[in-house]
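Asks: Let me begin by handing over the structure; questions about it come next.
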Amino acid sequence: MERHDVIVVGGGPAGANAGREAAAHGADVLVIEQGIPREDRDDLGPDSTDAAGMLDYWVDIMELDPAEIPEEIILQELDSTEFIGPNESVILRTTGMDATYDKFGFTFHRARMDDWMRERAEAEGANYVVGRSVKHVETDLDGAPRHVVELADGEELAADAVILADGPQRRVTLQVLEGFLPAGHSALERMAPTNANHIAYQEYRRFPEEAFEPTVLKFWWGYIPGETAYPWVFPNDDPVARVGLTMPIGMDLNDFDDPTSYVLIDEDDTAIPNGATYIDRLLHNVYGGRYDIDADFPRVPDRGKRGGVETYAISSTRPIDSPVEAGIAIAGGAMGTTSAFHEGGYHVATRSGSIAGRLAAQGALDRYNRAWKEAIGDEILRNVSFADLVKDYGPADWDRAFATARKMQGEDDDRLIERIWTAGFPAIKVYLGYKWRKRTYRNGKYVQLTEDEYVY
Ligand SMILES: Cc1cc2nc3c(=O)[nH]c(=O)nc-3n(C[C@H](O)[C@H](O)[C@H](O)COP(=O)(O)OP(=O)(O)OC[C@H]3O[C@@H](n4cnc5c(N)ncnc54)[C@H](O)[C@@H]3O)c2cc1C
């Protein structure tokens, strides 16, 4: 049986960086990526969700020097983000965080970024295979090596340590967790994709030159019902933008007291509209007065996964600790690092993967749960607290929050990103609510499955 020091399941940002760091620290590491076809990549590659925005301080969280990112990866340099409610809006021109990258952020070509992450891993000596899928991981705590990784084609591989970076669907992660949790443990249900995740849908649209805003990310809140449900426009290469949305899975319109208070819900809707309908309504709502949407905002078919459209699951839950005593680390979307609030997760996936890879190579995975909290705990704490704070916001709440935030913008403020989101009604009450949540979740209490719950 082929044997490796470390096997990594999944070759996205978490997996590629786990492979890179493991190799850099002397391990014989194999990254296994099932491989997904895309219109904008010649060969199979990781499941590169192209909705890629990066804020300035996220580059530091990834431990990247901005100067080393190849030019062809960055699509647009951003100077702001705009949050738009039904009647109010606010433009944020700084994240308020210390950062090496000197602009507000950038949008990037996700497939190229993922491919670069893979190249960096291979340059360090990691083995990265595409087109093979992991079916199962069998662990024998007394075994040497401890893990047998079974592939879909039946081949078995052995490893001393396993890093699960299989993204928000958690096909392998959930099976592995079952082996270390009592039957019926609530975390298994909470982490199931249908409960823990959102769906995301997006279309590539060519914009009229004068409507294309290359330096701004735009988000519409209070437009569609659901917790952390919102449409967006992200600028790609001129003048193509991704128009997308995210929303929880399996909602019912009857769950909402006043569904028509949401801008993109029509009087005669009897169910939550699908993604394509929402995108069409958003474009008509925002640009319809000036343009013929079908003619002036055509879909760009040679982009994305297929036909200029992409649908994804998105991890939208709180993170979990890993069963490190068994020599297993879970990283990135699989462990729930993607923010339930703004869906950003590339940075925390990259960093958690790097940490897992390094510690696996050093035979020190027992330090993983502490180490990832030290590195990305502040970011997770912010995201979890924000998501919690706004989870019941309706259209009127968003308007109030944006109006207050706009008024506050003149103030001398080095934590503007926090203040913006806490400037609701009245601002001080919401700010205290945010502080209280942060206190509630501090010292890692945002973790929804802790190390001591595993049974070996
Ligand atoms: C629509 C959308 C918009 C987003 N926008 C942003 C954004 O603007 N900025 C940002 O920072 N983040 C964004 N994110 C979040 C970001 O994409 C994730 O946080 C990030 O991809 C997580 O990385 P990962 O490596 O953990 O998982 P993934 O990127 O999901 O990678 C997991 C990999 O594992 C592979 N895999 C799965 N199962 C197996 C198996 N059994 N065998 C072999 N391989 C397997 C998959 O093919 C995949 O390539 C967005 C996500 C979505 C869905």
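Ligands are numbered from 1 in the order shown, chains are lettered A, B, ... in the order of the structure tokens, and residues start at 1 in each chain.
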Just the residues within 8 Å of Arg20 (chain A), please, counting only C-alpha atoms, with nothing from its chain fewer than 4 positions along; format it as a CSV table (one decimal) with all heavy atoms, in the first residue's frame.
Replies:
chain,number,residue,atom,x,y,z
A,16,ALA,N,-4.5,23.0,-0.4
A,16,ALA,CA,-3.2,23.3,-1.1
A,16,ALA,C,-2.2,23.9,-0.1
A,16,ALA,O,-1.0,23.6,-0.1
A,16,ALA,CB,-3.5,24.3,-2.2
A,24,ALA,N,6.9,21.9,3.1
A,24,ALA,CA,8.0,22.8,3.6
A,24,ALA,C,8.6,22.4,4.9
A,24,ALA,O,9.7,22.7,5.2
A,24,ALA,CB,7.4,24.2,3.7
A,120,ARG,N,2.4,26.6,-5.8
A,120,ARG,CA,3.3,26.9,-4.6
A,120,ARG,C,3.5,25.6,-3.8
A,120,ARG,O,4.5,25.4,-3.3
A,120,ARG,CB,2.6,28.0,-3.7
A,120,ARG,CG,2.8,29.4,-4.4
A,120,ARG,CD,1.9,30.5,-3.7
A,120,ARG,NE,1.6,30.3,-2.4
A,120,ARG,CZ,2.0,31.0,-1.3
A,120,ARG,NH1,3.0,31.9,-1.5
A,120,ARG,NH2,1.6,30.8,-0.1
A,121,ALA,N,2.4,24.9,-3.6
A,121,ALA,CA,2.5,23.6,-2.9
A,121,ALA,C,3.5,22.7,-3.6
A,121,ALA,O,4.3,22.1,-3.0
A,121,ALA,CB,1.1,23.0,-2.7
A,122,GLU,N,3.3,22.5,-4.9
A,122,GLU,CA,4.1,21.6,-5.7
A,122,GLU,C,5.6,22.1,-5.7
A,122,GLU,O,6.5,21.3,-5.6
A,122,GLU,CB,3.6,21.5,-7.1
A,122,GLU,CG,2.3,20.7,-7.1
A,122,GLU,CD,1.7,20.5,-8.5
A,122,GLU,OE1,1.7,21.5,-9.3
A,122,GLU,OE2,1.1,19.4,-8.7
A,124,GLU,N,7.1,23.4,-3.3
A,124,GLU,CA,7.7,23.0,-2.0
A,124,GLU,C,7.9,21.5,-1.9
A,124,GLU,O,8.4,21.0,-1.0
A,124,GLU,CB,6.8,23.4,-0.8
A,124,GLU,CG,6.8,24.9,-0.5
A,124,GLU,CD,8.2,25.4,0.1
A,124,GLU,OE1,9.0,24.5,0.4
A,124,GLU,OE2,8.4,26.6,0.2
A,125,GLY,N,7.3,20.8,-2.9
A,125,GLY,CA,7.5,19.4,-2.9
A,125,GLY,C,6.3,18.5,-2.6
A,125,GLY,O,6.4,17.3,-2.4
A,126,ALA,N,5.2,19.2,-2.4
A,126,ALA,CA,3.9,18.4,-2.2
A,126,ALA,C,3.5,17.7,-3.5
A,126,ALA,O,3.7,18.2,-4.6
A,126,ALA,CB,2.8,19.4,-1.7
A,354,SER,N,-2.7,26.0,6.4
A,354,SER,CA,-1.2,26.1,6.6
A,354,SER,C,-0.8,25.6,7.9
A,354,SER,O,0.2,24.9,8.1
A,354,SER,CB,-0.8,27.6,6.5
A,354,SER,OG,-1.1,28.1,5.2
A,357,GLY,N,-1.1,21.8,8.1
A,357,GLY,CA,0.0,21.2,7.4
A,357,GLY,C,1.3,21.2,8.1
A,357,GLY,O,2.0,20.2,8.2
Asks: Which neighbours of region 1-7 of chain A fall inside 6 Å, counting only C-alpha atoms, when residues of the same chain fewer than 4 positions from it are skipped, and could you give them as a short mmCIF file (atom, residue, chain, number, x, y, z; two decimals) with C-alpha atoms, in the first residue's frame?
Replies:
data_model
loop_
_atom_site.label_atom_id
_atom_site.label_comp_id
_atom_site.auth_asym_id
_atom_site.auth_seq_id
_atom_site.Cartn_x
_atom_site.Cartn_y
_atom_site.Cartn_z
CA ALA A 27 6.78 15.73 5.22
CA ASP A 28 5.98 13.44 2.33
CA VAL A 29 2.50 14.81 1.63
CA LEU A 30 -0.19 13.91 -0.89
CA VAL A 31 -3.07 16.29 -1.66
CA LEU A 157 -3.38 4.66 0.72
CA ALA A 158 -1.82 4.82 4.17
CA ALA A 159 -0.92 7.93 6.18
CA ASP A 160 0.30 8.91 9.64
CA ALA A 161 -1.83 12.06 9.65
CA VAL A 162 -4.88 13.17 7.69
#
Asks: Pick the closest to ligand 1 from A:Arg132, A:Arg41, A:Arg299, A:Lys435: which is it, counting only C-alpha atoms and all ligand atoms?
Replies: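 Selected residue with least distance to ligand 1: A:Arg132.
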Asks: Find the residues near Asp294 (chain A): any atom within 10 Å, counting only C-alpha atoms, skip ones fewer than 2 places away on the same chain, and give them as an NGL selection string.
Replies: :A and (205 or 280 or 283-284 or 288 or 291-292 or 296-299)
Asks: Out of region 50-284 of chain A, which residues get alpha helix (DSSP H) from DSSP, as a ChimeraX atom specification?
Replies: /A:56-61,110-123,171-178,186-191,193-196,275-284
Asks: So that I can see what lies close to Ile265 (chain A), please list as a ChimeraX atom specification the residues with an atom at most 10 Å from it, counting only C-alpha atoms and leaving out residues fewer than 2 positions away in the same chain.
Replies: /A:223-225,253,259-263,267-273,278,281
Asks: Just checking: using only C-alpha atoms, which residue out of A:Pro239, A:Pro319, A:Pro395, A:Gly333 ends up closest to Arg190 (chain A)?
Replies: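 Closest to Arg190 (chain A) of all the choices is A:Pro319.
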Asks: Can you list, as a list in words, every protein, DNA or RNA residue that comes within 8 Å of Asp47 (chain A) when you count only C-alpha atoms, leaving out same-chain residues fewer than 4 positions away?
Replies: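 Once the adjacent positions are removed, what remains is Gly12, Gly35 and Ile36 of chain A.
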Asks: Tell me, as number ranges by chain, which residues lie within 9 Å of Pro248 (chain A), counting only C-alpha atoms; anything in the same chain fewer than 6 positions away does not count.
Replies: A: 194-200, 226-229, 316
Asks: For Thr246 (chain A), which of A:Leu217, A:Tyr287, A:Phe207, A:His342 is the closest residue, counting only C-alpha atoms?
Replies: A:His342
Asks: So, with only C-alpha atoms as the atoms that count, which of A:Gly26, A:Pro168, A:Gly327, A:Gly353 lies closest to Ala192 (chain A)?
Replies: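 Between A:Gly26, A:Pro168, A:Gly327, A:Gly353, the residue approaching Ala192 (chain A) most closely is A:Pro168.
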Asks: Quick one: everything within 12 Å of Val176 (chain A), counting only C-alpha atoms, minus sequence neighbours fewer than 6 positions away in the same chain. Send it as a ChimeraX atom specification.
Replies: /A:9,134-139,147-149,162-164,166,170,188,322-323,326-330,334,454,456
Asks: Given the choices A:Glu82, A:Glu63, A:Glu119, A:Glu343, which gets closest to ligand 1 if the distance is worked out from only C-alpha atoms and all ligand atoms?
Replies: A:Glu343
Asks: Give me, please, the distance in Å between CA of Asp50 (chain A) and CA of Val243 (chain A), quoted to one decimal.
Replies: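 A separation of 11.0 Å between them.
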Asks: Go ahead and compute the interatomic distance for CA of Arg400 (chain A) and CA of Ser385 (chain A), in Å to one decimal.
Replies: 19.1 Å
Asks: Just list as number ranges by chain whatever in region 308-441 of chain A DSSP marks as strand (DSSP E or B).
Replies: A: 309-315, 320, 328-330
Asks: Could you turn the residues from that selection into a file that holds N, CA, C and O atoms, as an mmCIF file, in the first residue's frame?
Replies:
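Below is the file selection36.cif, written as the result:
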data_model
loop_
_atom_site.group_PDB
_atom_site.id
_atom_site.type_symbol
_atom_site.label_atom_id
_atom_site.label_comp_id
_atom_site.auth_asym_id
_atom_site.auth_seq_id
_atom_site.Cartn_x
_atom_site.Cartn_y
_atom_site.Cartn_z
ATOM 1 N N VAL A 309 -22.927 30.475 -15.379
ATOM 2 C CA VAL A 309 -23.719 30.364 -14.140
ATOM 3 C C VAL A 309 -22.984 29.447 -13.168
ATOM 4 O O VAL A 309 -22.335 28.486 -13.583
ATOM 5 N N GLU A 310 -23.065 29.754 -11.877
ATOM 6 C CA GLU A 310 -22.486 28.863 -10.875
ATOM 7 C C GLU A 310 -23.430 28.730 -9.690
ATOM 8 O O GLU A 310 -24.022 29.719 -9.254
ATOM 9 N N THR A 311 -23.545 27.518 -9.197
ATOM 10 C CA THR A 311 -24.302 27.294 -7.963
ATOM 11 C C THR A 311 -23.397 26.538 -7.001
ATOM 12 O O THR A 311 -22.708 25.606 -7.416
ATOM 13 N N TYR A 312 -23.381 26.951 -5.767
ATOM 14 C CA TYR A 312 -22.494 26.338 -4.787
ATOM 15 C C TYR A 312 -23.180 26.187 -3.448
ATOM 16 O O TYR A 312 -24.079 26.969 -3.124
ATOM 17 N N ALA A 313 -22.651 25.251 -2.661
ATOM 18 C CA ALA A 313 -22.956 25.277 -1.231
ATOM 19 C C ALA A 313 -21.930 26.199 -0.594
ATOM 20 O O ALA A 313 -20.803 26.296 -1.057
ATOM 21 N N ILE A 314 -22.322 26.870 0.437
ATOM 22 C CA ILE A 314 -21.363 27.723 1.132
ATOM 23 C C ILE A 314 -21.453 27.409 2.613
ATOM 24 O O ILE A 314 -22.541 27.300 3.163
ATOM 25 N N SER A 315 -20.296 27.229 3.211
ATOM 26 C CA SER A 315 -20.266 26.912 4.630
ATOM 27 C C SER A 315 -20.694 28.134 5.408
ATOM 28 O O SER A 315 -20.152 29.204 5.235
ATOM 29 N N ILE A 320 -15.512 24.169 14.173
ATOM 30 C CA ILE A 320 -15.406 23.033 15.101
ATOM 31 C C ILE A 320 -13.937 22.743 15.388
ATOM 32 O O ILE A 320 -13.069 23.018 14.570
ATOM 33 N N ILE A 328 -5.956 13.684 13.218
ATOM 34 C CA ILE A 328 -6.796 14.251 12.160
ATOM 35 C C ILE A 328 -7.019 15.739 12.431
ATOM 36 O O ILE A 328 -7.394 16.120 13.550
ATOM 37 N N ALA A 329 -6.787 16.564 11.400
ATOM 38 C CA ALA A 329 -7.113 17.990 11.493
ATOM 39 C C ALA A 329 -8.137 18.318 10.411
ATOM 40 O O ALA A 329 -8.058 17.799 9.299
ATOM 41 N N ILE A 330 -9.090 19.167 10.756
ATOM 42 C CA ILE A 330 -10.082 19.620 9.766
ATOM 43 C C ILE A 330 -9.820 21.110 9.548
ATOM 44 O O ILE A 330 -9.657 21.864 10.519
#
Asks: Can you work out which one of A:Ile73, A:Met62, A:Val233, A:Ile279 has the shortest atom-to-atom distance to His109 (chain A), counting only C-alpha atoms?
Replies: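 Of all the options, A:Ile73 lies closest to His109 (chain A).
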Asks: In Å, with one decimal, what is the gap from CA of Gly336 (chain A) to CA of Tyr393 (chain A)?
Replies: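 The value is 22.7 Å.
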